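Visitor: This is the content of input-v3.cif (mmCIF, C-alpha atoms):
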```cif
data_coords
loop_
_atom_site.label_atom_id
_atom_site.label_comp_id
_atom_site.auth_asym_id
_atom_site.auth_seq_id
_atom_site.Cartn_x
_atom_site.Cartn_y
_atom_site.Cartn_z
CA MET H 220 -143.32 -96.87 146.35
CA SER H 221 -142.98 -95.87 142.71
CA GLY H 222 -145.83 -98.24 141.82
CA LEU H 223 -148.14 -96.55 144.34
CA ARG H 224 -147.10 -93.10 143.10
CA GLU H 225 -147.77 -94.10 139.52
CA ARG H 226 -151.18 -95.52 140.43
CA LYS H 227 -152.13 -92.31 142.23
CA LYS H 228 -151.04 -90.25 139.22
CA GLN H 229 -153.18 -92.42 136.95
CA GLU H 230 -156.15 -92.07 139.30
CA THR H 231 -155.78 -88.28 139.28
CA ARG H 232 -155.49 -88.25 135.49
CA SER H 233 -158.64 -90.36 135.17
CA ARG H 234 -160.50 -88.14 137.64
CA LEU H 235 -159.58 -85.03 135.68
CA GLY H 236 -160.57 -86.67 132.40
CA ASP H 237 -163.93 -87.74 133.78
CA ALA H 238 -164.60 -84.28 135.26
CA ALA H 239 -163.82 -82.70 131.89
CA ALA H 240 -166.02 -85.19 130.03
CA ARG H 241 -168.98 -84.44 132.29
CA LEU H 242 -168.56 -80.70 131.77
CA PHE H 243 -168.13 -81.08 128.00
CA ALA H 244 -171.27 -83.23 127.89
CA GLU H 245 -173.23 -80.59 129.77
CA ARG H 246 -171.92 -77.38 128.18
CA GLY H 247 -169.93 -78.36 125.11
CA TYR H 248 -166.16 -78.33 124.66
CA ASP H 249 -165.94 -74.69 123.54
CA ASP H 250 -167.73 -73.39 126.64
CA VAL H 251 -165.57 -75.12 129.26
CA SER H 252 -162.27 -73.69 130.52
CA MET H 253 -159.36 -75.41 132.19
CA SER H 254 -160.27 -73.58 135.42
CA ASP H 255 -163.80 -75.05 135.17
CA VAL H 256 -162.28 -78.52 135.03
CA ALA H 257 -160.06 -77.77 138.02
CA ARG H 258 -163.03 -76.60 140.10
CA ALA H 259 -165.12 -79.62 139.12
CA ALA H 260 -162.29 -81.99 140.06
CA GLY H 261 -161.45 -80.13 143.27
CA VAL H 262 -157.83 -79.42 142.35
CA ALA H 263 -155.68 -76.40 141.56
CA GLU H 264 -155.75 -75.23 137.95
CA GLN H 265 -152.01 -75.92 137.66
CA THR H 266 -152.72 -79.57 138.46
CA VAL H 267 -154.87 -79.83 135.35
CA TYR H 268 -152.07 -78.35 133.24
CA ASN H 269 -149.58 -80.75 134.81
CA TYR H 270 -151.55 -83.68 133.39
CA PHE H 271 -153.06 -82.04 130.32
CA PRO H 272 -150.81 -79.25 128.96
CA THR H 273 -153.50 -78.00 126.56
CA LYS H 274 -157.28 -78.13 126.53
CA PRO H 275 -157.49 -80.44 123.47
CA ASP H 276 -155.42 -82.97 125.43
CA LEU H 277 -158.44 -83.45 127.70
CA VAL H 278 -160.34 -85.08 124.85
CA LEU H 279 -157.40 -86.45 122.91
CA ASP H 280 -156.09 -88.21 126.00
CA HIS H 281 -156.06 -91.60 124.28
CA ALA H 282 -154.84 -90.35 120.91
CA ASP H 283 -151.24 -91.44 121.42
CA GLU H 284 -152.43 -94.89 122.48
CA VAL H 285 -154.64 -95.19 119.39
CA LEU H 286 -151.71 -94.18 117.19
CA ARG H 287 -149.46 -96.70 118.91
CA ARG H 288 -151.93 -99.59 118.66
CA ILE H 289 -152.60 -99.05 114.96
CA THR H 290 -148.98 -98.58 113.94
CA VAL H 291 -147.78 -101.55 116.00
CA ALA H 292 -150.53 -103.76 114.55
CA ILE H 293 -149.44 -102.85 111.02
CA ALA H 294 -145.68 -102.86 111.58
CA GLU H 295 -145.68 -106.17 113.48
CA ARG H 296 -148.28 -108.04 111.43
CA PRO H 297 -147.39 -111.64 110.54
CA PRO H 298 -146.03 -112.46 107.07
CA GLY H 299 -148.75 -112.51 104.44
CA GLN H 300 -151.25 -110.46 106.42
CA SER H 301 -152.40 -107.25 104.76
CA PRO H 302 -152.22 -103.92 106.63
CA ALA H 303 -156.02 -103.72 106.39
CA ASP H 304 -156.44 -107.07 108.11
CA ALA H 305 -153.87 -106.12 110.75
CA MET H 306 -155.83 -102.97 111.51
CA ARG H 307 -159.22 -104.75 111.63
CA ALA H 308 -158.86 -106.03 115.21
CA VAL H 309 -157.88 -102.58 116.48
CA VAL H 310 -160.91 -100.89 114.91
CA HIS H 311 -163.23 -103.67 116.09
CA ALA H 312 -161.92 -103.18 119.65
CA ASP H 313 -162.68 -99.44 119.46
CA ILE H 314 -166.24 -100.19 118.41
CA GLU H 315 -166.68 -102.72 121.23
CA ARG H 316 -165.31 -100.18 123.71
CA TYR H 317 -167.94 -97.67 122.60
CA VAL H 318 -170.69 -100.16 123.44
CA GLY H 319 -169.40 -100.44 127.00
CA ASP H 320 -168.73 -96.74 127.64
CA ASP H 321 -170.61 -94.82 130.31
CA PRO H 322 -173.33 -93.02 128.29
CA VAL H 323 -172.95 -89.75 130.22
CA LEU H 324 -169.18 -89.63 129.86
CA ALA H 325 -169.43 -90.70 126.22
CA ARG H 326 -171.28 -87.48 125.37
CA GLY H 327 -168.29 -85.50 126.65
CA GLN H 328 -165.58 -87.56 125.00
CA PHE H 329 -163.76 -87.09 121.72
CA PRO H 330 -166.11 -88.78 119.20
CA ALA H 331 -169.16 -86.79 120.32
CA GLN H 332 -167.43 -83.50 121.10
CA CYS H 333 -165.58 -83.56 117.79
CA ARG H 334 -168.97 -83.48 116.07
CA ARG H 335 -170.06 -80.47 118.14
CA SER H 336 -166.94 -78.30 118.21
CA PRO H 337 -165.34 -76.78 115.08
CA THR H 338 -162.23 -76.02 117.14
CA LEU H 339 -161.86 -79.63 118.19
CA ARG H 340 -162.64 -80.86 114.68
CA ARG H 341 -159.67 -78.89 113.33
CA ARG H 342 -157.43 -80.39 116.00
CA ALA H 343 -158.71 -83.86 115.10
CA LEU H 344 -157.68 -83.35 111.47
CA GLU H 345 -154.13 -82.71 112.67
CA PHE H 346 -154.23 -85.96 114.63
CA TYR H 347 -155.45 -87.93 111.61
CA ASP H 348 -152.67 -86.41 109.53
CA ASP H 349 -150.13 -87.49 112.16
CA LEU H 350 -151.68 -90.95 112.16
CA SER H 351 -151.43 -91.16 108.36
CA THR H 352 -147.73 -90.30 108.59
CA ALA H 353 -147.16 -92.98 111.24
CA VAL H 354 -149.08 -95.62 109.28
CA SER H 355 -147.20 -94.73 106.10
CA THR H 356 -143.93 -95.29 107.95
CA ALA H 357 -145.22 -98.60 109.34
CA LEU H 358 -146.01 -99.92 105.85
CA ASP H 359 -142.97 -102.02 105.03
CA ASP H 360 -143.44 -102.47 101.28
CA THR H 361 -140.26 -100.80 100.05
CA ASP H 362 -141.35 -101.21 96.42
CA LEU H 363 -144.05 -98.57 96.87
CA GLN H 364 -143.46 -94.99 95.85
CA PRO H 365 -143.79 -92.51 98.77
CA MET H 366 -147.03 -91.06 97.38
CA THR H 367 -148.54 -94.54 97.01
CA ARG H 368 -147.56 -95.44 100.57
CA ARG H 369 -149.12 -92.23 101.85
CA SER H 370 -152.30 -92.82 99.82
CA ARG H 371 -152.69 -96.34 101.21
CA ALA H 372 -152.05 -95.09 104.73
CA ALA H 373 -154.64 -92.34 104.29
CA ALA H 374 -157.22 -94.90 103.14
CA LEU H 375 -156.65 -96.97 106.27
CA VAL H 376 -156.82 -93.95 108.55
CA ALA H 377 -160.03 -92.82 106.83
CA VAL H 378 -161.72 -95.96 108.16
CA THR H 379 -160.74 -95.04 111.72
CA GLN H 380 -161.88 -91.46 111.19
CA GLN H 381 -165.27 -92.48 109.81
CA VAL H 382 -165.84 -94.94 112.65
CA THR H 383 -165.04 -92.23 115.19
CA GLU H 384 -167.45 -89.81 113.51
CA ALA H 385 -170.18 -92.45 113.33
CA ILE H 386 -169.75 -93.23 117.03
CA GLY H 387 -169.98 -89.53 117.84
CA ASP H 388 -173.20 -89.18 115.86
CA ALA H 389 -174.63 -92.31 117.52
CA VAL H 390 -173.80 -91.02 121.01
CA LEU H 391 -175.34 -87.60 120.37
CA SER H 392 -178.50 -89.08 118.88
CA ASP H 393 -178.84 -91.75 121.58
CA ALA H 394 -178.89 -94.41 118.89
CA ASP H 395 -179.30 -98.04 119.89
CA ARG H 396 -175.81 -99.22 120.79
CA ASP H 397 -176.18 -102.82 119.70
CA GLU H 398 -177.58 -101.81 116.34
CA THR H 399 -174.83 -99.21 115.88
CA ARG H 400 -172.24 -101.82 116.79
CA ARG H 401 -173.58 -104.31 114.24
CA SER H 402 -173.77 -101.78 111.42
CA LEU H 403 -170.33 -100.33 112.15
CA LEU H 404 -168.64 -103.74 112.31
CA ALA H 405 -170.19 -104.66 108.96
CA ALA H 406 -169.20 -101.33 107.39
CA VAL H 407 -165.63 -101.60 108.70
CA ASP H 408 -165.23 -105.12 107.37
CA ASP H 409 -166.54 -104.08 103.97
CA ALA H 410 -164.21 -101.06 103.80
CA LEU H 411 -161.13 -102.96 104.95
CA ASP H 412 -161.88 -105.88 102.60
CA ASP H 413 -162.05 -103.41 99.73
CA ILE H 414 -158.76 -101.74 100.74
CA ALA H 415 -157.07 -105.13 101.10
CA ALA H 416 -158.28 -106.23 97.67
CA ARG H 417 -157.14 -103.01 95.98
CA SER H 418 -153.72 -103.23 97.63
CA ALA H 419 -153.11 -106.88 96.74
#
```
Could you quickly redo this structure as C-alpha cells?
Guide:
Amino acid sequence: MSGLRERKKQETRSRLGDAAARLFAERGYDDVSMSDVARAAGVAEQTVYNYFPTKPDLVLDHADEVLRRITVAIAERPPGQSPADAMRAVVHADIERYVGDDPVLARGQFPAQCRRSPTLRRRALEFYDDLSTAVSTALDDTDLQPMTRRSRAAALVAVTQQVTEAIGDAVLSDADRDETRRSLLAAVDDALDDIAARSA
C-alpha cells in the first residue's frame, strides 16, 4: 500500500510541476502565482504548498538531486580520478537530458526561466553557493587549505552554472538541439580538462 501511495504522491508532484512549467513558459515565472498553478492543475492551493513550500521550489524541484549527484560523484570517485573527471559524467547527463526534454515544458523550467526572471536568478545564485559548499566538503584532499578547496569547488560548480545558462539561452532562442549538445559537450570537456590539469 505504501508503494501505491508513494507513486500517487510522485504523480501529483509531477503534475504540479508540469502545470507550473506550462504557465511559466506562457507568462513568465514572475507573473504566475501559486494559486494559478493550483487552478491549472485542478487542485486546492494548499496542495501545491504541500508539495512545493515556496514558489522557487517549483523550478528548483530537481536542485537537491543535482546537488546529490555531483557531490556523490566527487566524494565516491575511484582512486586516482580527479574531481573534474568525476563530475564530467554528471554534466554530460544533464546536457543529454536537455536534448530529450519536452520543448514546451523546457521553456518553463529552471534553465530558461532563470534567464528571464531576476528574482529566480538571485535564488539560483544561492543554490550555486550551496553547491559550492557541498562540493568543497566532498573534496577529500586534506592537504588543501580551506580557501583553496573552496576555490576549486567554485571552479567546478561554475561549469555546471554555465551549462545551465547556455541551455536556458538555447531553449529560449529555439536553437538547434543537436548542435547545442555538440558544442556544450565540447566546451564542458575543455573546461573540465583545464580544471583537472590546474589541480594536478
Visitor: Near range 282-297 of chain H, within 8 Å and counting all atoms listed in the file, which residues show up once chain neighbours fewer than 4 positions away are dropped, as a short mmCIF file (atom, residue, chain, number, x, y, z; two decimals) with C-alpha atoms, keeping the file's coordinate frame?
Guide:
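Writing the result to out-v3.cif gives the following:
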```cif
data_model
loop_
_atom_site.label_atom_id
_atom_site.label_comp_id
_atom_site.auth_asym_id
_atom_site.auth_seq_id
_atom_site.Cartn_x
_atom_site.Cartn_y
_atom_site.Cartn_z
CA SER H 301 -152.40 -107.25 104.76
CA PRO H 302 -152.22 -103.92 106.63
CA ALA H 305 -153.87 -106.12 110.75
CA MET H 306 -155.83 -102.97 111.51
CA VAL H 309 -157.88 -102.58 116.48
CA PHE H 346 -154.23 -85.96 114.63
CA LEU H 350 -151.68 -90.95 112.16
CA ALA H 353 -147.16 -92.98 111.24
CA VAL H 354 -149.08 -95.62 109.28
CA ALA H 357 -145.22 -98.60 109.34
CA LEU H 358 -146.01 -99.92 105.85
CA ASP H 359 -142.97 -102.02 105.03
#
```
Visitor: What is the distance between CA of Ile414 in chain H and CA of Asp304 in chain H, in Å to one decimal?
Guide: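 Separation of CA of Ile414 in chain H and CA of Asp304 in chain H: 9.4 Å.
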Visitor: Compile the contact shell of Arg368 in chain H as a PyMOL selection string: residues with an atom at most 12 Å away, counting all atoms listed in the file, same-chain residues fewer than 3 positions apart removed.
Guide: chain H and resi 302+351-365+371-375+418
Visitor: (-150.9, -86.8, 142.0) in this file's frame - what residues fall within 12 Å of it? Use only C-alpha atoms and give the answer as a PyMOL selection string.
Guide: chain H and resi 223-235+262-263+265-267+269-270
Visitor: Go through H:Val378, H:Arg342, H:Val318, H:Tyr268 and flag the residue nearest Ala394 in chain H, using all atoms listed in the file for the distances.
Guide: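 The answer is H:Val318, which sits nearest to Ala394 in chain H.
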Visitor: Please list as a PyMOL selection string every residue within 10 Å of Ala343 in chain H, counting all atoms listed in the file and excluding residues in the same chain fewer than 5 positions away.
Guide: chain H and resi 275+278-279+282+329-330+333+337-338+348-349+380
Visitor: Between CA of Leu242 in chain H and CA of Gly327 in chain H, what distance in Å does the model show, to one decimal?
Guide: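 About the pair CA of Leu242 in chain H and CA of Gly327 in chain H: they are 7.0 Å apart.
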Visitor: Between H:Ile314, H:Val382, H:Ala239, H:Val323, single out the one closest to Ala260 in chain H, counting all atoms listed in the file.
Guide: H:Ala239
Visitor: Could you model N, CA, C and O atoms for range 339-351 of chain H and present them as an mmCIF file, in the frame of the given file?
Guide:
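Okay, this is what ended up in rebuild.cif:
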```
data_model
loop_
_atom_site.group_PDB
_atom_site.id
_atom_site.type_symbol
_atom_site.label_atom_id
_atom_site.label_comp_id
_atom_site.auth_asym_id
_atom_site.auth_seq_id
_atom_site.Cartn_x
_atom_site.Cartn_y
_atom_site.Cartn_z
ATOM 1 N N LEU H 339 -162.359 -78.276 117.953
ATOM 2 C CA LEU H 339 -161.860 -79.630 118.190
ATOM 3 C C LEU H 339 -161.761 -80.423 116.892
ATOM 4 O O LEU H 339 -160.856 -81.237 116.721
ATOM 5 N N ARG H 340 -162.665 -80.156 115.968
ATOM 6 C CA ARG H 340 -162.640 -80.860 114.680
ATOM 7 C C ARG H 340 -161.358 -80.521 113.920
ATOM 8 O O ARG H 340 -160.751 -81.398 113.295
ATOM 9 N N ARG H 341 -160.933 -79.270 113.985
ATOM 10 C CA ARG H 341 -159.670 -78.890 113.330
ATOM 11 C C ARG H 341 -158.487 -79.592 113.977
ATOM 12 O O ARG H 341 -157.566 -80.048 113.292
ATOM 13 N N ARG H 342 -158.513 -79.700 115.292
ATOM 14 C CA ARG H 342 -157.430 -80.390 116.000
ATOM 15 C C ARG H 342 -157.430 -81.886 115.641
ATOM 16 O O ARG H 342 -156.360 -82.495 115.512
ATOM 17 N N ALA H 343 -158.610 -82.440 115.462
ATOM 18 C CA ALA H 343 -158.710 -83.860 115.100
ATOM 19 C C ALA H 343 -158.100 -84.115 113.730
ATOM 20 O O ALA H 343 -157.466 -85.153 113.510
ATOM 21 N N LEU H 344 -158.268 -83.178 112.804
ATOM 22 C CA LEU H 344 -157.680 -83.350 111.470
ATOM 23 C C LEU H 344 -156.156 -83.414 111.556
ATOM 24 O O LEU H 344 -155.519 -84.156 110.805
ATOM 25 N N GLU H 345 -155.581 -82.644 112.468
ATOM 26 C CA GLU H 345 -154.130 -82.710 112.670
ATOM 27 C C GLU H 345 -153.730 -84.093 113.184
ATOM 28 O O GLU H 345 -152.720 -84.660 112.751
ATOM 29 N N PHE H 346 -154.531 -84.627 114.096
ATOM 30 C CA PHE H 346 -154.230 -85.960 114.630
ATOM 31 C C PHE H 346 -154.302 -87.014 113.516
ATOM 32 O O PHE H 346 -153.415 -87.881 113.422
ATOM 33 N N TYR H 347 -155.325 -86.947 112.679
ATOM 34 C CA TYR H 347 -155.450 -87.930 111.610
ATOM 35 C C TYR H 347 -154.304 -87.804 110.598
ATOM 36 O O TYR H 347 -153.848 -88.796 110.028
ATOM 37 N N ASP H 348 -153.825 -86.596 110.404
ATOM 38 C CA ASP H 348 -152.670 -86.410 109.530
ATOM 39 C C ASP H 348 -151.422 -87.045 110.148
ATOM 40 O O ASP H 348 -150.642 -87.716 109.453
ATOM 41 N N ASP H 349 -151.254 -86.845 111.457
ATOM 42 C CA ASP H 349 -150.130 -87.490 112.160
ATOM 43 C C ASP H 349 -150.243 -89.008 112.078
ATOM 44 O O ASP H 349 -149.237 -89.714 111.885
ATOM 45 N N LEU H 350 -151.460 -89.507 112.222
ATOM 46 C CA LEU H 350 -151.680 -90.950 112.160
ATOM 47 C C LEU H 350 -151.366 -91.488 110.769
ATOM 48 O O LEU H 350 -150.755 -92.555 110.626
ATOM 49 N N SER H 351 -151.740 -90.743 109.738
ATOM 50 C CA SER H 351 -151.430 -91.160 108.360
ATOM 51 C C SER H 351 -149.922 -91.241 108.150
ATOM 52 O O SER H 351 -149.424 -92.162 107.495
#
```
